[in-house]
Each structure stands twice: as C-alpha cells, then as structure tokens.
Amino acid sequence: MPLRLTPTLRDALARADRPLVGVWVCSGSPLVAEIAAGSGLDWLLIDMEHAPNGLESVLAQLQAVAAYPVVAVVRVPSADPVVIKQVLDLGAQTILVPMVESAQEAAAAVSAVRYPPQGRRGVGSALGRSARWNRVEGYLGDADDHVSLFVQVESDAAVAAAGEIAAVDGVDGVFVGPSDLAASMGLLGQQTHPDVRAAVRRTFEATRAAGTPVGVNAFDPAVADDYLGQGAAFVLVGADVALLARGSEALAARFLPSGGEDSHRS
C-alpha cells in the first residue's frame with residue numbers, strides 16, 4: 001500500500017503566513033513528546049546533543065508524535081554522517097546539525113543527508129522506517145523532497161560566516177544558538193547580553209540576505225518577541241524539562257513553608 005510522508009520544516013515554513021513556534025523535547029520520554037505534540041505548537045525539537053536520547057528513544061518519540069499535526073525535528077549530536085544516516089533511516093525528516101562554522105562544514109552536512117551522486121547517505125530504504133520499508137513510492141528518487149536540513153550558528157566564527165553558510169545549496173534554514181554563542185564570546189550564561197543579541201541580529205541579516213529562513217532559541221518571552229520582530233521565521237520558546245522544573249518549583253514555592261524548612265519534620 002503506497003504511503004505518504006509528512007511535510008518537513010522546510011515545507012512548513014514555505015507554507016506558513018506567520019513564524020512557527022516550537023518547544024524542545026529533551027526528556028527522552030515518548031509520553032512527554034506526545035503531550036508536547038498535542039499542545040498546538042507548530043514544531044518539536046527532539047534533542048540528541050544535550051539530552052539522554054539515543055536511536056531507540058528517538059524512534060519511539062517519532063512514532064509517538066506521528067499522529068499529530070506537528071513538525072518533528074531531530075538535532076543530531078554532531079555532523080557525523082553515520083549518525084545522520086541512522087537518524088534519517090529512523091524516519092526523521094528534518095535534521096538540525098549543531099556547531100556549523102563554515103560553508104564547507106555546511107556542505108558536508110548537505111552531503112550526509114543526500115543519496116549519491118549528490119551526496120553520501122547510505123542506501124537502506126528497504127530496511128528503514130524512512131521509506132516505511134519501501135512502502136513510500138519512489139522514495140529513493142524523491143528523497144530530497146522528504147528530507148530537510150537545518151544548521152546551527154552558535155559561535156563567533158559561525159556568525160562571521162553566516163551568509164556563506166546560509167547560501168550553501170541544500171541548507172534549508174539556519175538556527176541561532178545564543179547560549180553557545182555567548183560562551184564563544186566570553187559571556188558564558190549571558191545569552192541575552194546586548195553583544196550577544198547584536199551578534200544574533202547580524203546573523204539574521206546575513207541569513208535573510210541569502211534568502212534562507214532563520215530561527216533562534218529564546219526562552220525569555222520578551223526576547224523571543226524581539227527576535228520575532230526582527231524577522232525570525234521559527235523559534236523555540238521552551239523545553240519540556242525546563243517547564244517541568246520551573247512548574248514544580250512554583251508549586252513548592254506556593255505550598256511549602258518559606259525559608260527552606262523541611263515540611264516532613266515535626
């Protein structure tokens with residue numbers, strides 16, 4: 001039975017008449033991923049770089065969110081073409097590659113998501129969920145239509161090369177990571193510092209000048225609004241684990257005695 005795949009983030013951005021808003025899924029839990037998928041947000045980022053996610057948990061999360069009208073993006077831990085191949089074969093259709101600092105590195109990432117002769121992705125569609133075990137008609141010939149690639153700019157060097165990175169054929173979008181960018185600028189933990197925000201703006205300008213969508217991570221609503229006003233096409237505004245941490249802390253602050261007292265002691 002012929003099957004169809006869902007739109008990529010590239011496709012969703014092309015069809016959208018407003019910026020797309022998403023949330024990180026870092027817990028490694030398919031249940032939490034499914035809860036986030038049903039929230040009404042536009043997209044989810046399943047993280048393999050800073051979260052306890054391996055191939056099996058990513059597969060389970062992709063399956064859990066597949067029934068919902070949300071775009072699933074998987075951030076791989078690095079630009080390793082073997083890992084990218086495996087994640088694509090799991091059925092991930094949009095890949096985010098972290099720490100891309102040059103057009104050459106961006107081109108290598110493009111090669112990793114494309115089949116020969118345009119790239120070097122290994123061919124395993126008959127064995128993988130990507131083509132639904134060869135149930136997606138013409139998958140090999142149409143694979144580029146089913147896969148989109150986004151790269152992260154998150155260092156001083158990457159900001160300087162942002163325009164060249166964004167212009168690489170096959171790069172469908174650039175995502176700015178202010179946390180690592182701040183660290184590379186000697187401002188560790190100060191991702192809303194004026195100098196960091198200015199570097200984000202420069203990246204926006206260079207990327208948009210290349211005709212490529214640009215997005216950013218911003219947990220502070222006011223900062224997110226500012227970036228949206230500057231032309232961010234897609235944003236991440238929270239994370240499952242952070243929402244749980246802050247929400248549970250708020251409950252503790254509301255219901256437990258102040259001053260750090262242990263309510264279980266007599």
# chains A, B, ... in the order shown; residues from 1 in each chain; ligands from 1
call {"tool": "residues_around", "arguments": {"residues": "Gly229 of chain A", "least_positions_apart": "6", "cutoff": "12 Å", "atoms": "only C-alpha atoms", "output": "PDB file with all heavy atoms, in the first residue's frame"}}
result
ATOM      1  N   ARG A  18       3.043  33.050   9.055  1.00  0.00           N
ATOM      2  CA  ARG A  18       3.499  33.620  10.325  1.00  0.00           C
ATOM      3  C   ARG A  18       4.697  32.798  10.791  1.00  0.00           C
ATOM      4  O   ARG A  18       4.951  31.691  10.303  1.00  0.00           O
ATOM      5  CB  ARG A  18       2.381  33.561  11.365  1.00  0.00           C
ATOM      6  CG  ARG A  18       1.887  32.155  11.635  1.00  0.00           C
ATOM      7  CD  ARG A  18       0.998  32.038  12.851  1.00  0.00           C
ATOM      8  NE  ARG A  18       0.479  30.703  13.052  1.00  0.00           N
ATOM      9  CZ  ARG A  18       1.195  29.676  13.553  1.00  0.00           C
ATOM     10  NH1 ARG A  18       2.455  29.853  13.927  1.00  0.00           N
ATOM     11  NH2 ARG A  18       0.638  28.484  13.695  1.00  0.00           N
ATOM     12  N   PRO A  19       5.454  33.302  11.759  1.00  0.00           N
ATOM     13  CA  PRO A  19       6.555  32.496  12.303  1.00  0.00           C
ATOM     14  C   PRO A  19       6.036  31.240  12.990  1.00  0.00           C
ATOM     15  O   PRO A  19       4.931  31.231  13.536  1.00  0.00           O
ATOM     16  CB  PRO A  19       7.211  33.439  13.319  1.00  0.00           C
ATOM     17  CG  PRO A  19       6.803  34.811  12.889  1.00  0.00           C
ATOM     18  CD  PRO A  19       5.433  34.669  12.310  1.00  0.00           C
ATOM     19  N   ARG A 201      21.419  39.382  15.739  1.00  0.00           N
ATOM     20  CA  ARG A 201      20.838  40.240  14.698  1.00  0.00           C
ATOM     21  C   ARG A 201      21.680  40.216  13.424  1.00  0.00           C
ATOM     22  O   ARG A 201      21.138  40.185  12.311  1.00  0.00           O
ATOM     23  CB  ARG A 201      20.688  41.671  15.216  1.00  0.00           C
ATOM     24  CG  ARG A 201      19.559  41.863  16.208  1.00  0.00           C
ATOM     25  CD  ARG A 201      19.246  43.336  16.432  1.00  0.00           C
ATOM     26  NE  ARG A 201      20.358  44.047  17.059  1.00  0.00           N
ATOM     27  CZ  ARG A 201      20.524  44.135  18.377  1.00  0.00           C
ATOM     28  NH1 ARG A 201      19.662  43.537  19.192  1.00  0.00           N
ATOM     29  NH2 ARG A 201      21.535  44.807  18.879  1.00  0.00           N
ATOM     30  N   PHE A 204      20.897  37.105  11.621  1.00  0.00           N
ATOM     31  CA  PHE A 204      19.599  37.247  10.957  1.00  0.00           C
ATOM     32  C   PHE A 204      19.758  37.975   9.624  1.00  0.00           C
ATOM     33  O   PHE A 204      19.241  37.547   8.587  1.00  0.00           O
ATOM     34  CB  PHE A 204      18.640  38.053  11.838  1.00  0.00           C
ATOM     35  CG  PHE A 204      17.952  37.266  12.916  1.00  0.00           C
ATOM     36  CD1 PHE A 204      18.455  36.063  13.389  1.00  0.00           C
ATOM     37  CD2 PHE A 204      16.785  37.739  13.489  1.00  0.00           C
ATOM     38  CE1 PHE A 204      17.815  35.354  14.381  1.00  0.00           C
ATOM     39  CE2 PHE A 204      16.124  37.051  14.487  1.00  0.00           C
ATOM     40  CZ  PHE A 204      16.648  35.849  14.937  1.00  0.00           C
ATOM     41  N   GLY A 215      16.070  31.073  12.315  1.00  0.00           N
ATOM     42  CA  GLY A 215      15.351  30.897  13.567  1.00  0.00           C
ATOM     43  C   GLY A 215      16.288  31.049  14.740  1.00  0.00           C
ATOM     44  O   GLY A 215      17.503  31.214  14.584  1.00  0.00           O
ATOM     45  N   ALA A 222      10.023  38.007  26.257  1.00  0.00           N
ATOM     46  CA  ALA A 222      10.295  39.345  25.726  1.00  0.00           C
ATOM     47  C   ALA A 222      11.384  39.290  24.662  1.00  0.00           C
ATOM     48  O   ALA A 222      11.309  39.974  23.632  1.00  0.00           O
ATOM     49  CB  ALA A 222      10.696  40.290  26.855  1.00  0.00           C
ATOM     50  N   VAL A 223      12.400  38.477  24.901  1.00  0.00           N
ATOM     51  CA  VAL A 223      13.478  38.324  23.922  1.00  0.00           C
ATOM     52  C   VAL A 223      12.961  37.617  22.675  1.00  0.00           C
ATOM     53  O   VAL A 223      13.287  37.996  21.542  1.00  0.00           O
ATOM     54  CB  VAL A 223      14.663  37.557  24.532  1.00  0.00           C
ATOM     55  CG1 VAL A 223      15.741  37.291  23.484  1.00  0.00           C
ATOM     56  CG2 VAL A 223      15.254  38.341  25.704  1.00  0.00           C
ATOM     57  N   VAL A 235      11.004  29.818  15.969  1.00  0.00           N
ATOM     58  CA  VAL A 235      11.606  29.998  17.282  1.00  0.00           C
ATOM     59  C   VAL A 235      11.266  28.807  18.168  1.00  0.00           C
ATOM     60  O   VAL A 235      10.252  28.139  17.986  1.00  0.00           O
ATOM     61  CB  VAL A 235      11.109  31.295  17.973  1.00  0.00           C
ATOM     62  CG1 VAL A 235      11.598  32.527  17.246  1.00  0.00           C
ATOM     63  CG2 VAL A 235       9.592  31.298  18.095  1.00  0.00           C
TER      64      VAL A 235
END
call {"tool": "closest_atom_pairs", "arguments": {"of": "segment 108-176 of chain A", "to": "segment 3-16 of chain A", "cutoff": "10 Å", "atoms": "only C-alpha atoms", "output": "tab-separated table"}}
result
residue	atom	partner	partner_atom	distance
A:Ser130	CA	A:Leu5	CA	8.8
A:Ala131	CA	A:Leu5	CA	8.4
A:Arg132	CA	A:Leu3	CA	7.7
A:Asn134	CA	A:Leu3	CA	9.2
A:Arg135	CA	A:Leu3	CA	5.9
A:Val136	CA	A:Leu3	CA	4.9
A:Glu137	CA	A:Leu3	CA	7.1
A:Tyr139	CA	A:Arg4	CA	9.7
A:Asp145	CA	A:Thr8	CA	8.5
A:His146	CA	A:Thr8	CA	6.7
A:Val147	CA	A:Thr8	CA	6.5
A:Ser148	CA	A:Arg10	CA	6.0
A:Leu149	CA	A:Arg10	CA	8.1
A:Phe150	CA	A:Arg10	CA	8.7
A:Val171	CA	A:Arg10	CA	9.7
A:Asp172	CA	A:Arg10	CA	6.1
A:Gly173	CA	A:Arg10	CA	7.5
call {"tool": "residues_around", "arguments": {"residues": "Asp240 of chain A", "least_positions_apart": "6", "cutoff": "9 Å", "atoms": "only C-alpha atoms", "output": "MDAnalysis selection string"}}
result
chainID A and resid 23:27 32:33 36
call {"tool": "select_by_dssp", "arguments": {"residues": "segment 116-171 of chain A", "states": "helix (DSSP H, G or I)", "output": "CSV table (one decimal) with all heavy atoms, in the first residue's frame"}}
result
chain,number,residue,atom,x,y,z
A,129,ARG,N,12.6,2.8,8.5
A,129,ARG,CA,11.3,3.4,8.6
A,129,ARG,C,11.2,4.7,7.7
A,129,ARG,O,10.1,5.1,7.4
A,129,ARG,CB,11.1,3.8,10.1
A,129,ARG,CG,9.8,4.5,10.4
A,129,ARG,CD,9.6,4.8,11.9
A,129,ARG,NE,8.3,5.5,12.1
A,129,ARG,CZ,8.2,6.8,12.2
A,129,ARG,NH1,9.3,7.6,12.1
A,129,ARG,NH2,7.0,7.4,12.4
A,130,SER,N,12.3,5.2,7.3
A,130,SER,CA,12.3,6.4,6.5
A,130,SER,C,11.4,6.3,5.3
A,130,SER,O,10.6,7.2,5.0
A,130,SER,CB,13.8,6.7,6.0
A,130,SER,OG,14.3,5.6,5.4
A,131,ALA,N,11.5,5.1,4.6
A,131,ALA,CA,10.7,4.9,3.4
A,131,ALA,C,9.5,3.9,3.7
A,131,ALA,O,8.9,3.4,2.8
A,131,ALA,CB,11.5,4.3,2.3
A,139,TYR,N,10.7,6.6,-3.2
A,139,TYR,CA,11.4,7.3,-2.1
A,139,TYR,C,12.8,7.6,-2.5
A,139,TYR,O,13.3,8.7,-2.3
A,139,TYR,CB,11.4,6.4,-0.8
A,139,TYR,CG,12.1,7.1,0.3
A,139,TYR,CD1,11.5,8.0,1.1
A,139,TYR,CD2,13.5,6.9,0.5
A,139,TYR,CE1,12.2,8.7,2.1
A,139,TYR,CE2,14.2,7.5,1.5
A,139,TYR,CZ,13.5,8.4,2.3
A,139,TYR,OH,14.2,9.1,3.3
A,140,LEU,N,13.5,6.7,-3.1
A,140,LEU,CA,14.9,7.0,-3.4
A,140,LEU,C,15.0,8.1,-4.4
A,140,LEU,O,15.9,9.0,-4.2
A,140,LEU,CB,15.6,5.7,-4.0
A,140,LEU,CG,15.8,4.6,-3.0
A,140,LEU,CD1,16.4,3.3,-3.8
A,140,LEU,CD2,16.7,5.0,-1.9
A,141,GLY,N,14.2,8.2,-5.4
A,141,GLY,CA,14.3,9.2,-6.3
A,141,GLY,C,13.8,10.6,-5.8
A,141,GLY,O,14.2,11.6,-6.2
A,142,ASP,N,12.9,10.5,-4.8
A,142,ASP,CA,12.3,11.7,-4.3
A,142,ASP,C,12.8,12.0,-2.9
A,142,ASP,O,12.2,12.9,-2.2
A,142,ASP,CB,10.8,11.6,-4.2
A,142,ASP,CG,10.1,11.4,-5.6
A,142,ASP,OD1,10.7,11.9,-6.6
A,142,ASP,OD2,9.0,10.8,-5.6
A,143,ALA,N,13.9,11.4,-2.5
A,143,ALA,CA,14.3,11.5,-1.1
A,143,ALA,C,14.6,13.0,-0.7
A,143,ALA,O,14.3,13.4,0.5
A,143,ALA,CB,15.6,10.7,-0.8
A,144,ASP,N,15.1,13.8,-1.6
A,144,ASP,CA,15.4,15.2,-1.2
A,144,ASP,C,14.1,15.9,-0.9
A,144,ASP,O,14.1,16.9,-0.1
A,144,ASP,CB,16.1,15.9,-2.4
A,144,ASP,CG,17.6,15.4,-2.5
A,144,ASP,OD1,18.0,14.7,-1.6
A,144,ASP,OD2,18.2,15.7,-3.5
A,145,ASP,N,13.0,15.5,-1.4
A,145,ASP,CA,11.7,16.2,-1.1
A,145,ASP,C,11.2,15.8,0.3
A,145,ASP,O,10.4,16.5,0.8
A,145,ASP,CB,10.6,15.7,-2.2
A,145,ASP,CG,10.9,16.2,-3.6
A,145,ASP,OD1,11.7,17.2,-3.7
A,145,ASP,OD2,10.5,15.6,-4.5
A,146,HIS,N,11.7,14.7,0.8
A,146,HIS,CA,11.2,14.2,2.1
A,146,HIS,C,12.1,14.6,3.2
A,146,HIS,O,11.8,14.3,4.4
A,146,HIS,CB,11.1,12.7,2.0
A,146,HIS,CG,10.1,12.2,1.0
A,146,HIS,ND1,8.8,12.6,0.9
A,146,HIS,CD2,10.3,11.2,0.1
A,146,HIS,CE1,8.2,12.0,-0.1
A,146,HIS,NE2,9.1,11.2,-0.6
A,156,ASP,N,31.3,32.7,17.4
A,156,ASP,CA,31.8,33.9,16.7
A,156,ASP,C,32.2,33.6,15.2
A,156,ASP,O,31.8,34.4,14.3
A,156,ASP,CB,33.1,34.4,17.4
A,156,ASP,CG,32.8,35.6,18.3
A,156,ASP,OD1,31.7,36.2,18.2
A,156,ASP,OD2,33.6,36.0,19.1
A,157,ALA,N,32.9,32.5,15.0
A,157,ALA,CA,33.3,32.2,13.7
A,157,ALA,C,32.1,31.9,12.8
A,157,ALA,O,32.1,32.3,11.6
A,157,ALA,CB,34.2,31.0,13.7
A,158,ALA,N,31.1,31.3,13.3
A,158,ALA,CA,29.9,31.0,12.5
A,158,ALA,C,29.1,32.2,12.2
A,158,ALA,O,28.6,32.4,11.1
A,158,ALA,CB,29.0,30.0,13.3
A,159,VAL,N,29.0,33.2,13.1
A,159,VAL,CA,28.4,34.4,12.8
A,159,VAL,C,29.1,35.2,11.7
A,159,VAL,O,28.4,35.7,10.8
A,159,VAL,CB,28.3,35.3,14.1
A,159,VAL,CG1,27.9,36.8,13.7
A,159,VAL,CG2,27.4,34.7,15.2
A,160,ALA,N,30.4,35.2,11.7
A,160,ALA,CA,31.1,35.8,10.6
A,160,ALA,C,30.9,35.1,9.3
A,160,ALA,O,30.9,35.8,8.2
A,160,ALA,CB,32.6,35.8,10.9
A,162,ALA,N,28.0,33.5,8.5
A,162,ALA,CA,26.6,33.1,8.4
A,162,ALA,C,26.0,33.2,7.0
A,162,ALA,O,25.3,32.4,6.5
A,162,ALA,CB,25.8,34.0,9.4
A,163,GLY,N,26.4,34.3,6.3
A,163,GLY,CA,25.9,34.5,5.0
A,163,GLY,C,26.4,33.4,4.0
A,163,GLY,O,25.6,32.9,3.2
A,164,GLU,N,27.6,33.0,4.1
A,164,GLU,CA,28.1,31.9,3.3
A,164,GLU,C,27.5,30.6,3.6
A,164,GLU,O,27.2,29.8,2.7
A,164,GLU,CB,29.7,31.8,3.4
A,164,GLU,CG,30.4,33.1,3.0
A,164,GLU,CD,31.9,33.0,3.3
A,164,GLU,OE1,32.3,32.0,3.9
A,164,GLU,OE2,32.6,34.0,3.0
A,165,ILE,N,27.3,30.3,4.9
A,165,ILE,CA,26.6,29.1,5.4
A,165,ILE,C,25.2,29.0,4.8
A,165,ILE,O,24.8,28.0,4.3
A,165,ILE,CB,26.6,29.0,6.9
A,165,ILE,CG1,28.0,28.8,7.4
A,165,ILE,CG2,25.7,27.9,7.4
A,165,ILE,CD1,28.2,29.0,8.9
A,166,ALA,N,24.5,30.1,4.9
A,166,ALA,CA,23.1,30.2,4.5
A,166,ALA,C,22.9,30.0,3.0
A,166,ALA,O,21.9,29.6,2.5
A,166,ALA,CB,22.4,31.5,5.0
call {"tool": "closest_residue", "arguments": {"among": "A:Pro77, A:Pro30, A:Gly238, A:Gly91", "to": "Gln61 of chain A", "atoms": "only C-alpha atoms"}}
result
A:Pro30
call {"tool": "residues_around", "arguments": {"residues": "Trp43 of chain A", "least_positions_apart": "6", "cutoff": "7 Å", "atoms": "only C-alpha atoms", "output": "number ranges by chain"}}
result
A: 21-23, 70-72
call {"tool": "atom_distance", "arguments": {"atom1": "atom CA of Met48 of chain A", "atom2": "atom CA of Leu187 of chain A"}}
result
24.6 Å
